[in-house]
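Single-structure report; data block below.
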Amino acid sequence: MSNPQSKSIHKPVAPILRLLLAGVAASAIVIPALVVSVAPPIKPRARVVAVPQRVVPQAELPPVEPLAYQNLDPQDARAFNKTVPFSTDPNPAARPFALSGTSEDKARALDCMATAMLYEAGDDTLGQRSVGQVVINRVRHPAFPKTICGVVFQGSERRTGCQFTFTCDGALINHKWSDVAWQRARETARLALTGRVFKPVGYSTHYHTDWVVPYWQSSLDKVAQVRTHLFFRWTGWWGTPPAFRRALTPSEPVIPALALYSDAHRTGAAATEAADAMIEAAALTGKLPLPTPGDADSFLVTLDPTIPPERYAALAAAACADRLHCKFMGWSSKAKTPTTLPLQQAQVAAMSFSYLRDRSRNIDKSLWNCTEFSRPDRSQCMKQQVIGVVPAPRPTTEAFRIETLPGSRVPVPVGGAPRLIVDELSGVRRRADAASPAPSTKPTPTKTPDGR
């Protein structure tokens with residue numbers, strides 16, 4: 001028996017249900033369409049550019065690559081770094097390091113090291129020790145500068161090419177560390193520079209954080225990880241202990257960028273300013289070095305010990321004044337300073353600084369004797385080598401033979417005494433012996449001032 005009341009209750013349900021079903025169906029179509037239309041495009045996963053690994057032979061100095069990174073997101077870089085295996089070769093601890101030099105040199109080295117530790121690893125002692133060990137390893141390796149400050153600030157004079165990013169990205173201007181953190185870093189640096197070794201990184205010369213992938217990574221061996229830093233050394237002989245026995249230079253350069261919070265570098269910067277003022281005063285009063293008698297474009301100078309080596313180029317430029325062509329050569333010892341040209345071999349070997357200007361060829365170059373003064377850039381060091389000698393003709397009625405050097409033709413008497421010829425463009429030196437019956441045309445290398 002039917003119930004009329006029941007029919008009146010359920011009769012409207014069917015249309016409502018149909019509307020609900022239609023709404024659900026429409027949502028299933030519209031919502032995904034909206035999501036697809038407004039969603040950001042899917043970027044293809046970046047791939048690591050494979051750089052072929054090359055083991056540099058012992059006879060060739062390995063290049064120090066500029067700091068450049070693969071184009072990877074941090075998560076992709078971390079994923080890739082996890083796939084790079086650690087080297088299975090032995091990872092011996094480095095030898096203890098003892099800093100030498102004057103108290104001023106040691107103070108400058110200490111603050112350079114503390115700065116590197118703090119900016120590279122933060123206020124974390126373990127991370128700071130690992131960074132400090134890499135700096136020391138670099139100082140001992142012939143591919144890098146010979147001083148602590150030279151290593152830390154290598155390449156900082158260029159917008160690209162610095163080895164530690166904080167030295168060229170403006171971070172030093174915005175010094176954010178507290179005095180307490182700075183003093184802790186200085187104490188950690190002091191321990192590293194007086195014999196304390198951080199064994200886990202061995203002889204590593206490179207490192208990077210795990211969220212980046214430098215291009216040089218594939219050419220080195222991964223040997224350790226400390227916190228978020230991964231440590232690497234060169235493959236082959238250049239990553240073994242015998243490669244880290246280079247003699248060091250105790251003379252630490254002044255870094256003006258550290259004058260804001262380093263007394264040692266502030267004093268050095270003040271000395272630089274005083275030297276500049278002295279040079280300017282000498283120029284105004286006519287007391288700059290005088291040219292060599294008989295050659296108005298050449299200067300043979302005993303360098304003033306109160307002038308920092310960094311200002312020798314400024315002194316040379318002031319002495320050369322507006323000359324289009326000028327040669328300025330300086331010696332630290334008055335007893336070794338020659339008074340006439342040409343120079344003898346011993347005089348050239350004792351030279352401390354040289355400056356050459358030739359505006360017709362756009363040349364303006366300063367060189368230091370790096371066995372005496374350390375430089376942050378090895379290209380500023382004097383280099384010595386022997387240039388091939390043009391064989392002398394058999395004795396004839398001619399009184400001279402001509403030897404060609406870059407930029408000059410130098411007449412040499414036949415049968416004359418041996419003398420040193422200096423290439424005016426690069427400081428390259430050779431011995432030309434006109435008395436030799438058949439000089440070799442093959443260059444014979446000699447040691448450079450820095451021992452290479």
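FYI, nothing fancy with the structure tokens labels: chains A, B, ... in order, residues from 1 per chain, ligands from 1 as they appear.
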Report as a PDB file with N, CA, C and O atoms, in the first residue's frame all protein, DNA and RNA residues lying within 8 Å of stretch 224-229 of chain A, evaluated on only C-alpha atoms, omitting residues in the same chain fewer than 3 positions from it.
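Everything below was put into result.pdb:
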```
ATOM      1  N   PHE A  86      84.622   9.635  -2.970  1.00  0.00           N
ATOM      2  CA  PHE A  86      85.855  10.053  -2.317  1.00  0.00           C
ATOM      3  C   PHE A  86      87.011   9.216  -2.856  1.00  0.00           C
ATOM      4  O   PHE A  86      86.843   8.050  -3.192  1.00  0.00           O
ATOM      5  N   LEU A 126      85.646  24.316  13.909  1.00  0.00           N
ATOM      6  CA  LEU A 126      85.986  23.173  13.072  1.00  0.00           C
ATOM      7  C   LEU A 126      86.116  23.588  11.603  1.00  0.00           C
ATOM      8  O   LEU A 126      87.081  23.238  10.919  1.00  0.00           O
ATOM      9  N   GLY A 127      85.135  24.354  11.137  1.00  0.00           N
ATOM     10  CA  GLY A 127      85.203  24.829   9.761  1.00  0.00           C
ATOM     11  C   GLY A 127      86.385  25.752   9.539  1.00  0.00           C
ATOM     12  O   GLY A 127      87.042  25.707   8.494  1.00  0.00           O
ATOM     13  N   SER A 130      89.622  23.816   9.058  1.00  0.00           N
ATOM     14  CA  SER A 130      89.739  23.180   7.747  1.00  0.00           C
ATOM     15  C   SER A 130      90.132  24.204   6.679  1.00  0.00           C
ATOM     16  O   SER A 130      90.968  23.928   5.809  1.00  0.00           O
ATOM     17  N   PRO A 200      92.088  15.923   8.915  1.00  0.00           N
ATOM     18  CA  PRO A 200      91.111  15.340   7.981  1.00  0.00           C
ATOM     19  C   PRO A 200      91.244  15.787   6.532  1.00  0.00           C
ATOM     20  O   PRO A 200      90.958  15.014   5.621  1.00  0.00           O
ATOM     21  N   VAL A 201      91.670  17.027   6.278  1.00  0.00           N
ATOM     22  CA  VAL A 201      91.713  17.499   4.891  1.00  0.00           C
ATOM     23  C   VAL A 201      93.033  17.186   4.202  1.00  0.00           C
ATOM     24  O   VAL A 201      93.179  17.402   2.997  1.00  0.00           O
ATOM     25  N   TYR A 207      88.427  23.668  -2.025  1.00  0.00           N
ATOM     26  CA  TYR A 207      87.195  23.227  -1.358  1.00  0.00           C
ATOM     27  C   TYR A 207      86.032  24.059  -1.891  1.00  0.00           C
ATOM     28  O   TYR A 207      86.214  25.122  -2.489  1.00  0.00           O
ATOM     29  N   HIS A 208      84.834  23.558  -1.665  1.00  0.00           N
ATOM     30  CA  HIS A 208      83.624  24.318  -1.989  1.00  0.00           C
ATOM     31  C   HIS A 208      82.480  23.784  -1.146  1.00  0.00           C
ATOM     32  O   HIS A 208      82.534  22.674  -0.612  1.00  0.00           O
ATOM     33  N   THR A 209      81.421  24.575  -1.017  1.00  0.00           N
ATOM     34  CA  THR A 209      80.247  24.127  -0.282  1.00  0.00           C
ATOM     35  C   THR A 209      79.485  23.098  -1.115  1.00  0.00           C
ATOM     36  O   THR A 209      79.613  23.062  -2.348  1.00  0.00           O
ATOM     37  N   ASP A 210      78.680  22.284  -0.445  1.00  0.00           N
ATOM     38  CA  ASP A 210      78.034  21.178  -1.161  1.00  0.00           C
ATOM     39  C   ASP A 210      76.853  21.625  -2.017  1.00  0.00           C
ATOM     40  O   ASP A 210      76.288  20.811  -2.745  1.00  0.00           O
ATOM     41  N   PHE A 232      89.273  18.976  -1.813  1.00  0.00           N
ATOM     42  CA  PHE A 232      89.867  18.325  -2.980  1.00  0.00           C
ATOM     43  C   PHE A 232      91.366  18.596  -3.028  1.00  0.00           C
ATOM     44  O   PHE A 232      91.847  19.613  -2.516  1.00  0.00           O
TER      45      PHE A 232
END
```
- Query: Among stretch 147-228 of chain A, which residues carry a DSSP assignment of strand (DSSP E), reported as a count of residues only?
  - Reply: 11
- Nearest residue to A:Ala317 from the set A:Leu284, A:Ala94, A:Val48, A:Leu356 (distances using only C-alpha atoms): A:Leu356
8 Å contact set for A:Asp358, only C-alpha atoms, chain neighbours under 6 positions out, as an mmCIF file with C-alpha atoms, in the first residue's frame:
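As a result, around29.cif now contains:
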```
data_model
loop_
_atom_site.group_PDB
_atom_site.id
_atom_site.type_symbol
_atom_site.label_atom_id
_atom_site.label_comp_id
_atom_site.auth_asym_id
_atom_site.auth_seq_id
_atom_site.Cartn_x
_atom_site.Cartn_y
_atom_site.Cartn_z
ATOM 1 C CA LEU A 324 107.390 58.358 -23.420
ATOM 2 C CA HIS A 325 110.066 55.705 -22.837
ATOM 3 C CA CYS A 326 111.589 55.076 -19.429
ATOM 4 C CA ASP A 364 103.704 50.082 -18.490
#
```
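The gap separating atom CA of A:Phe97 from atom CA of A:Ala181 is 23.7 Å, in Å to one decimal.
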- What does the distance between atom CA of A:Leu288 and atom CA of A:Met329 come to in Å, to one decimal place?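 Value for the atom CA of A:Leu288-atom CA of A:Met329 distance: 13.8 Å.
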- Query: At what distance in Å, to one decimal, does atom CA of A:Lys222 lie from atom CA of A:Tyr69?
  - Reply: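 Computing it gives 16.7 Å between the two atoms.
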- Test item: residues at most 6 Å from stretch 248-259 of chain A, only C-alpha atoms, excluding those fewer than 5 positions along its chain, as a ChimeraX atom specification: /A:100-101,105,146-147,265-266,268-269
- Item | Residue among A:Arg18, A:Arg378, A:Arg361, A:Arg233 lying closest to A:Ala143, counting only C-alpha atoms |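 Closest to A:Ala143 of all the choices is A:Arg378.
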- Determine, counting only C-alpha atoms, which protein, DNA and RNA residues have an atom within 12 Å of an atom of A:Lys176; residues of the same chain fewer than 5 positions away are not included. Present the result as a ChimeraX atom specification. /A:115,118-119,122-123,171,181-182,261
- Report as a PyMOL selection string: the residues of stretch 92-226 of chain A with a DSSP assignment of helix (DSSP H, G or I), based on the backbone of this structure. chain A and resi 103-121+125-140+148-152+165-167+179-192+199-201+215-219
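Closest approach to A:Gln217 from the set A:Leu230, A:Asn174, A:Phe244, A:Met351 is made by A:Leu230, with distances taken over only C-alpha atoms.
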- Using only C-alpha atoms, which residues sit within 10 Å of A:Asn369 once same-chain residues fewer than 2 positions away are excluded, as a ChimeraX atom specification? /A:331,349-354,367,371-375,380-383,448-450
